[in-house]
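Report on the structure given below.
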Amino acid sequence: MSMREAESAAVVVSSVQRGDRTAVSVVSAALARIEETELRLHAYLHVRREAALAEAARLDHEAPSARAQKPLAGLPVAVKDNLVLAGAPTTAGSKILEGYHPPYTATAVARLQAAGAIVVGKTNLDEFAMGSSTEHSAYGPTKNPWDVARVPGGSSGGSAAAVAAGTAVVALGSDTGGSVRQPAAFCGVVGLKPTYGRVSRYGLVAFASSLDQVGPLARTVSDVALVFQVLAGRDPHDATSVDSPVVGRLATAPSRLAGMRVGLVAEQADQAGPETRQAVAEARLALMDLGADVVDVALPHGRYGIPAYYLVAPAEASSNLARYDGVRYGLRVAGRDVAELYLNTRGAGFGTEVKRRILLGTFALAEGYYDAYYLKAMQARELLAQDYRQAFQAVDVILSPTVPDPAFRLGEKLADPWSMYQSDIMTVGANLTGLPALSLPWRVAASGLPTAVQLTAPWLGEERLLLVAAALEALRPGGEAWPDPLASPGTSGQGGARP
Amino acid sequence: MILDNGAEVIIGLEVHVELATRTKLFCACPSAFGAPPNTAVCPVCLGLPGALPQLNREVVRLAARAGLALGCEVRLTSRFDRKNYFYPDLPKGYQITQYEHPICEWGALEVPLADDAVRRVAIRRIHIEEEAGKLIHEGDSLWGATGSLVDLNRAGLPLIEIVTEPDLRSPEEARRFLRELVSVLSYLDVSDLRMEEGSIRCDANLSLKPPGFSGALEDLARVEVKNVNSIRNVVAALESEVKRQRAVLDAGGRVERETRGFDEGTGTTLPQRSKEAANDYRYFPEPDLPVLMLDPSVVEAERERLPVLPPALRAELVGRGLTSKEAAVIASDPGASRYLARVLAEGADTRLAVTWMLGDLARLLNEAHVGYGASPVGPAALAELLQLMAQGTLSGRLAKEVLDRMFATGHSAAAIVEDTGMAQISDQDVLATEVDRALAQHPAAVADYRAGKAAALGFLVGQVMKATRGQASPDVVNRLLRERLAALAPSS
Ligand SMILES: [Zn+2]
């Protein structure tokens, strides 16, 4: 097939708006691409073949003037399977929701649809978004398009792989501790975790409510910006959503960032492996070339990020996941009485990692432990927020690695939850503080795997974040053009590891 | 209440009141009662994956209103928390409530006791929370059920929980407190207060303080009787707890701190299964709702909109000449007090109005099971009736009959008098003829009277009344009879 999906979202949308191409042809190409890649990648849990084509046909039959009003007309998008969409099953990667059909649609998804986007499918994830590799999906792992022996990251691994493989131009993920940015980094795509509250969480299957945020993944910064503009804004269904829509068009890549002050978290850069260190060093130089001032900033309480995150997130999860009890929907495993019904259903329905976190969270909230764990974690969270506030008095954006190292091998960290948790060390800060952060692919390393850098901005600073990211993107090795992972030799095979 | 073994009864109450809003606490589902099961539901109150709560601000206003009426401080910032436990009527596996920072704190209710004494009961807090669903078991309980049905229409309805300090000293005081609380709430239009439909429920805490105990009340073994659904049952539960704890102490035992349930059938409390009682609720702040902020001007506006409440009203009524008992009865019921105010506004005599309201009208309302607000005889109509009596058009007896007809037909007193000719006959000429006829027809009675039997006069009055179908003015008949009898020569 032609690689038309590798075109930017803007090109696809304007061609459909003008009627140069039909939405049906765009969506058909995406569906064909899914068919072509799915056996190798397993990025999707559900493909909406008929519904997507029907919606595309409906769009094609609209008056050209109506279509021209839709900023995402005909755009094939993939949606993480923890965002509900009426008419399609939602599993959140869990056996406990197998066969569950939600009666309503998440606000973020509804906004994309109202803008003319066509949802081609629901993507794979770690069960209830708990994980960093998509290996904790109850429906089998997704593979990294750059090397099918490696993980795509997680928990939005399906969404990242779907975009990297060109089966969707844009995908929605959710980011609780790095679940958009880390798989974006592993799969070589751009991933944005917006400011907490800037995108509605209504219809996002809750993992940790005070940390969860819906965010877009796409191949380019401008594609992410285009979709973010549609997603952002107050939703009366989400009391924590912020009334801050994006006004006007987001700027295209500026050629200069003169006067921009960039803070580098040296400590985090030093903790990263050689390939990531190289990427951060190159990005730092590129920013200086653009005229930005780059200075070191410290996050003295950064080391409390992981412990605080692994108390707050499981605590909230233990409560959010209580509703899966076999009484109203999803899996039910009968028992002699209602207590046994609970035990049997939850015992059979949840995977090991989810159970581990429910237990962790239940202990953290238990009477007598609350002050020592949950409350302490919330205090650490506040200290971390102070660190960022302090840093943002001196700088406009912060540069850091997204992840210490490129994608690891399937199975490599499964037996060692602690080391899996550690890979979130550079991303949890944005969730604990609610700040917007973006992962930008940098170069393809000698290993053949993409590397990435992360940018973090102050509260509601997405516009600035996207501006700096776009400027950097234009200067990265290879520029905006980015290799098609599946087209490169050695990855089309059956998943042998690279040397 | 001090028992004969010297122990003092210590009682605190937690009263759950369902608020009367159009929609539920966190979603737009109607709060209508009696809809078919699971029809007033949506993703939010069903606890579907991904659904989020949206706070109904009307609930906040009503909670603040109740707090102000009970003299509480209304907090300008309060917070919601999650109370986590598993139960099939709780769709999310947690209840959204206010644990650490309730909306109202530190009020009091002055409860009238017998002999004009007053018990001041401190209100520790009032918080907002959501209602659970309803379970119908096939079998005797959830744990022994062969099957259970869940109706989530009620899930998510708004409640306030009013928590007192342990200031009550007997089951009787608890009864008086609850009656006073209900009557205060009934003036506020915050709740339908339908007991039989569960819009008020009560958890009652009771401990016995041994003579000479000098520690903190919190250190006493406290027994909580949960989820009792009428004032009568609360009193019965407390009385049975007093007896039970007393018996345990008398036998040399120790009262265990525990949660019990009330069994209406036996009128006693029973230990709840430990599975239902033992719970660590793992409270933590509700991350889906921002801190609840109240504008001080909103609170002040609500304060200004408070009606005159029973304590002030009772004082006012006593000042107008009502007995304290009459004042208590009328002030306890907003329908009655509004009714009385309107009757008096029509110019009726206070004494006459109160007597008739609490007498014959109350009897009719009771029989018809309606309140003063829905009385077929409105305040203006009653005032008119009282006016006809004052004018002498109707005797008390006739007025009673006219009231019955007014109640049954909704017609005015004047119309009924006109239609039935029930007006009192005071015309001396007409009555003189009747009196003479009675004297002529009953010479024996005349003789008896003259022989000193005063009761014979009553008989003769009765004969005249009978002849006039009760319409004769008893005063005039009496006077005429006496005059005639006196004019006869005394017997020799
Ligand atoms: Zn609802």
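In the structure tokens, chains take letters A, B, ... by order of appearance, with residues numbered from 1 within each chain and ligands from 1 in the order shown.
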Quiz item: Excluding same-chain residues fewer than 2 positions from segment 56-71 of chain B, what lies within 9 Å of it counting only C-alpha atoms, as a PyMOL selection string?
Solution: chain B and resi 19-28+54+73-75+103-109+123+125-128+158-160+162+181+184-185+188-191+294+298-299+302-303+305-307+309
Quiz item: Counting only C-alpha atoms and all ligand atoms, which protein, DNA or RNA residues come within 6 Å of ligand 1, given as a PyMOL selection string?
Solution: chain B and resi 27-29+41-42+44-45
Contact table chain B vs chain A, cut-off 9 Å, shortest pair per residue, only C-alpha atoms, as CSV:
residue,atom,partner,partner_atom,distance
B:Cys27,CA,A:His237,CA,9.0
B:Pro43,CA,A:Tyr104,CA,7.7
B:Leu46,CA,A:Arg328,CA,8.4
B:Gly47,CA,A:Arg323,CA,7.0
B:Leu48,CA,A:Pro102,CA,7.9
B:Pro49,CA,A:Val205,CA,5.1
B:Gly50,CA,A:Gly203,CA,3.9
B:Ala51,CA,A:Gly203,CA,5.6
B:Leu52,CA,A:Tyr202,CA,6.1
B:Pro53,CA,A:Ala239,CA,7.2
B:Gln54,CA,A:Ala239,CA,5.9
B:Leu55,CA,A:Ala239,CA,7.8
B:Arg82,CA,A:Ser319,CA,8.2
B:Asn84,CA,A:Ser319,CA,6.6
B:Tyr85,CA,A:Ala322,CA,8.2
B:Phe86,CA,A:Ala322,CA,7.3
B:Tyr87,CA,A:Val338,CA,8.6
B:Pro88,CA,A:Val327,CA,6.6
B:Leu90,CA,A:Arg323,CA,8.4
B:Pro91,CA,A:Arg323,CA,6.1
B:Lys92,CA,A:Arg323,CA,4.5
B:Gly93,CA,A:Ala322,CA,4.8
B:Tyr94,CA,A:Ser319,CA,7.0
B:Leu142,CA,A:Val338,CA,7.6
B:Trp143,CA,A:Asp337,CA,6.1
B:Gly144,CA,A:Asp337,CA,7.3
B:Ala145,CA,A:Asp337,CA,7.6
B:Thr146,CA,A:Asp337,CA,8.2
B:Val150,CA,A:Val327,CA,8.9
B:Asp280,CA,A:Glu367,CA,6.4
B:Tyr281,CA,A:Ala366,CA,7.9
B:Arg282,CA,A:Leu365,CA,5.1
B:Tyr283,CA,A:Leu365,CA,7.2
B:Phe284,CA,A:Leu365,CA,7.4
B:Glu286,CA,A:Ser209,CA,8.8
B:Pro287,CA,A:Ser210,CA,5.3
B:Asp288,CA,A:Thr240,CA,6.3
B:Leu289,CA,A:Ala239,CA,5.8
B:Pro290,CA,A:Thr240,CA,6.2
Exercise. May I ask which of the residues B:Pro443, B:Gly392, B:Gly458, B:Gly378 is the closest one to Ala472 of chain B, counting only C-alpha atoms?
Key: B:Gly392
Practice problem: Run DSSP on the backbone of this structure and report the residues of segment 65-210 of chain A it assigns to helix (DSSP H, G or I), as a PyMOL selection string. | Solution: chain A and resi 65-68+95-97+107-114+127-129+157-164+181-187
Output the selection as a short mmCIF file (atom, residue, chain, number, x, y, z; two decimals), in the first residue's frame - C-alpha atoms for each residue.
data_model
loop_
_atom_site.label_atom_id
_atom_site.label_comp_id
_atom_site.auth_asym_id
_atom_site.auth_seq_id
_atom_site.Cartn_x
_atom_site.Cartn_y
_atom_site.Cartn_z
CA SER A 65 -19.12 23.35 3.68
CA ALA A 66 -19.99 21.23 6.74
CA ARG A 67 -16.95 18.99 6.24
CA ALA A 68 -14.71 22.04 5.92
CA LYS A 95 -10.50 -9.97 31.98
CA ILE A 96 -12.84 -8.47 34.54
CA LEU A 97 -14.37 -6.22 31.85
CA THR A 107 -15.72 13.32 26.35
CA ALA A 108 -12.24 13.21 24.77
CA VAL A 109 -13.40 10.65 22.21
CA ALA A 110 -16.67 12.47 21.57
CA ARG A 111 -14.75 15.69 20.91
CA LEU A 112 -12.57 13.96 18.32
CA GLN A 113 -15.61 12.43 16.66
CA ALA A 114 -17.47 15.71 16.62
CA GLU A 127 -4.45 -3.90 32.56
CA PHE A 128 -6.20 -0.78 33.92
CA ALA A 129 -3.18 1.21 32.65
CA GLY A 157 1.76 0.77 24.30
CA GLY A 158 -0.98 -0.11 21.82
CA SER A 159 -1.60 3.55 20.97
CA ALA A 160 2.12 4.29 20.55
CA ALA A 161 2.66 1.20 18.37
CA ALA A 162 -0.45 2.02 16.31
CA VAL A 163 0.86 5.49 15.48
CA ALA A 164 4.44 4.31 14.89
CA ARG A 181 5.24 9.72 27.21
CA GLN A 182 7.19 6.53 27.94
CA PRO A 183 5.60 4.45 25.12
CA ALA A 184 5.88 7.49 22.84
CA ALA A 185 9.62 7.49 23.62
CA PHE A 186 9.92 3.72 23.09
CA CYS A 187 8.06 3.85 19.76
#
Quiz item: Do you know which residues are at most 12 Å from segment 270-272 of chain A counting only C-alpha atoms, after dropping those on the same chain fewer than 2 positions away, and could you put them as an MDAnalysis selection string?
Solution: chainID A and resid 264:268 274:281 303 400:406 422:426 451:453
Practice problem: Enumerate, as an MDAnalysis selection string, the complete set of residues in segment 231-307 of chain B that a backbone-based DSSP assignment places in strand (DSSP E or B). | Solution: chainID B and resid 258:263 268:271 284:285 292:293
Could you take the residues named above and write them with all heavy atoms, as a short mmCIF file (atom, residue, chain, number, x, y, z; two decimals), in the first residue's frame?
data_model
loop_
_atom_site.label_atom_id
_atom_site.label_comp_id
_atom_site.auth_asym_id
_atom_site.auth_seq_id
_atom_site.Cartn_x
_atom_site.Cartn_y
_atom_site.Cartn_z
N GLU B 258 -19.68 -2.34 70.33
CA GLU B 258 -20.11 -3.08 69.13
C GLU B 258 -21.21 -2.33 68.38
O GLU B 258 -21.75 -1.34 68.85
CB GLU B 258 -20.62 -4.48 69.51
CG GLU B 258 -21.86 -4.43 70.39
CD GLU B 258 -22.47 -5.80 70.64
OE1 GLU B 258 -22.34 -6.69 69.77
OE2 GLU B 258 -23.08 -5.99 71.71
N THR B 259 -21.51 -2.86 67.21
CA THR B 259 -22.60 -2.32 66.39
C THR B 259 -23.72 -3.33 66.40
O THR B 259 -23.50 -4.52 66.21
CB THR B 259 -22.11 -2.10 64.94
OG1 THR B 259 -21.02 -1.21 64.97
CG2 THR B 259 -23.22 -1.52 64.09
N ARG B 260 -24.93 -2.85 66.69
CA ARG B 260 -26.09 -3.75 66.72
C ARG B 260 -27.16 -3.24 65.78
O ARG B 260 -27.17 -2.10 65.36
CB ARG B 260 -26.63 -3.85 68.16
CG ARG B 260 -25.62 -4.44 69.15
CD ARG B 260 -26.11 -4.41 70.57
NE ARG B 260 -27.14 -5.40 70.85
CZ ARG B 260 -26.91 -6.64 71.24
NH1 ARG B 260 -25.66 -7.07 71.37
NH2 ARG B 260 -27.89 -7.46 71.50
N GLY B 261 -28.07 -4.12 65.46
CA GLY B 261 -29.20 -3.73 64.63
C GLY B 261 -30.47 -3.84 65.45
O GLY B 261 -30.48 -4.50 66.50
N PHE B 262 -31.55 -3.18 65.00
CA PHE B 262 -32.81 -3.23 65.73
C PHE B 262 -33.77 -4.16 65.02
O PHE B 262 -33.97 -4.07 63.81
CB PHE B 262 -33.42 -1.83 65.81
CG PHE B 262 -34.75 -1.79 66.51
CD1 PHE B 262 -34.84 -2.09 67.87
CD2 PHE B 262 -35.91 -1.50 65.81
CE1 PHE B 262 -36.07 -2.07 68.52
CE2 PHE B 262 -37.14 -1.47 66.46
CZ PHE B 262 -37.22 -1.76 67.82
N ASP B 263 -34.34 -5.07 65.77
CA ASP B 263 -35.31 -6.01 65.21
C ASP B 263 -36.71 -5.55 65.60
O ASP B 263 -37.09 -5.63 66.77
CB ASP B 263 -35.02 -7.42 65.74
CG ASP B 263 -36.01 -8.44 65.17
OD1 ASP B 263 -36.89 -8.04 64.39
OD2 ASP B 263 -35.88 -9.62 65.52
N THR B 268 -36.09 -5.63 70.08
CA THR B 268 -34.80 -5.67 70.75
C THR B 268 -33.68 -5.45 69.74
O THR B 268 -33.91 -5.47 68.53
CB THR B 268 -34.56 -7.05 71.42
OG1 THR B 268 -34.69 -8.05 70.41
CG2 THR B 268 -35.57 -7.30 72.52
N THR B 269 -32.47 -5.23 70.27
CA THR B 269 -31.32 -5.05 69.40
C THR B 269 -30.58 -6.37 69.30
O THR B 269 -30.58 -7.17 70.23
CB THR B 269 -30.37 -3.98 69.93
OG1 THR B 269 -29.80 -4.45 71.16
CG2 THR B 269 -31.10 -2.68 70.18
N LEU B 270 -29.94 -6.58 68.15
CA LEU B 270 -29.20 -7.82 67.91
C LEU B 270 -27.82 -7.47 67.41
O LEU B 270 -27.66 -6.49 66.69
CB LEU B 270 -29.91 -8.66 66.83
CG LEU B 270 -31.33 -9.11 67.14
CD1 LEU B 270 -31.95 -9.72 65.89
CD2 LEU B 270 -31.30 -10.13 68.27
N PRO B 271 -26.81 -8.27 67.80
CA PRO B 271 -25.48 -7.97 67.26
C PRO B 271 -25.50 -8.12 65.74
O PRO B 271 -26.16 -9.01 65.22
CB PRO B 271 -24.59 -9.03 67.91
CG PRO B 271 -25.49 -10.05 68.48
CD PRO B 271 -26.86 -9.46 68.63
N PHE B 284 -10.20 8.63 52.32
CA PHE B 284 -9.20 9.57 51.76
C PHE B 284 -9.95 10.61 50.93
O PHE B 284 -11.09 10.38 50.52
CB PHE B 284 -8.10 8.84 50.97
CG PHE B 284 -8.53 8.29 49.63
CD1 PHE B 284 -8.21 8.96 48.46
CD2 PHE B 284 -9.24 7.10 49.54
CE1 PHE B 284 -8.58 8.46 47.21
CE2 PHE B 284 -9.61 6.59 48.30
CZ PHE B 284 -9.29 7.27 47.13
N PRO B 285 -9.30 11.76 50.69
CA PRO B 285 -10.00 12.85 49.99
C PRO B 285 -10.45 12.41 48.60
O PRO B 285 -9.69 11.78 47.87
CB PRO B 285 -8.94 13.95 49.89
CG PRO B 285 -7.95 13.63 50.96
CD PRO B 285 -7.94 12.14 51.11
N LEU B 292 -14.87 22.10 48.19
CA LEU B 292 -16.15 22.82 48.05
C LEU B 292 -16.02 24.21 48.66
O LEU B 292 -15.83 24.36 49.86
CB LEU B 292 -17.25 22.01 48.74
CG LEU B 292 -18.62 22.67 48.88
CD1 LEU B 292 -19.15 23.13 47.53
CD2 LEU B 292 -19.60 21.71 49.51
N MET B 293 -16.14 25.22 47.82
CA MET B 293 -16.02 26.60 48.27
C MET B 293 -17.40 27.23 48.30
O MET B 293 -18.17 27.07 47.37
CB MET B 293 -15.14 27.41 47.31
CG MET B 293 -13.80 26.77 47.00
SD MET B 293 -12.62 27.03 48.30
CE MET B 293 -12.14 28.72 47.96
#
Quiz prompt | Between atom CA of Arg169 of chain B and atom CA of Lys325 of chain B, distance in Å (one decimal) | solution = 22.7 Å
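Distances here use only C-alpha atoms; by that measure, the residue among A:Ala10, A:Ala283, A:Leu39, A:Ile118 closest to Glu55 of chain A is A:Ile118.
Between atom CA of Val12 of chain A and atom CA of Pro477 of chain A lies a distance of 25.1 Å.
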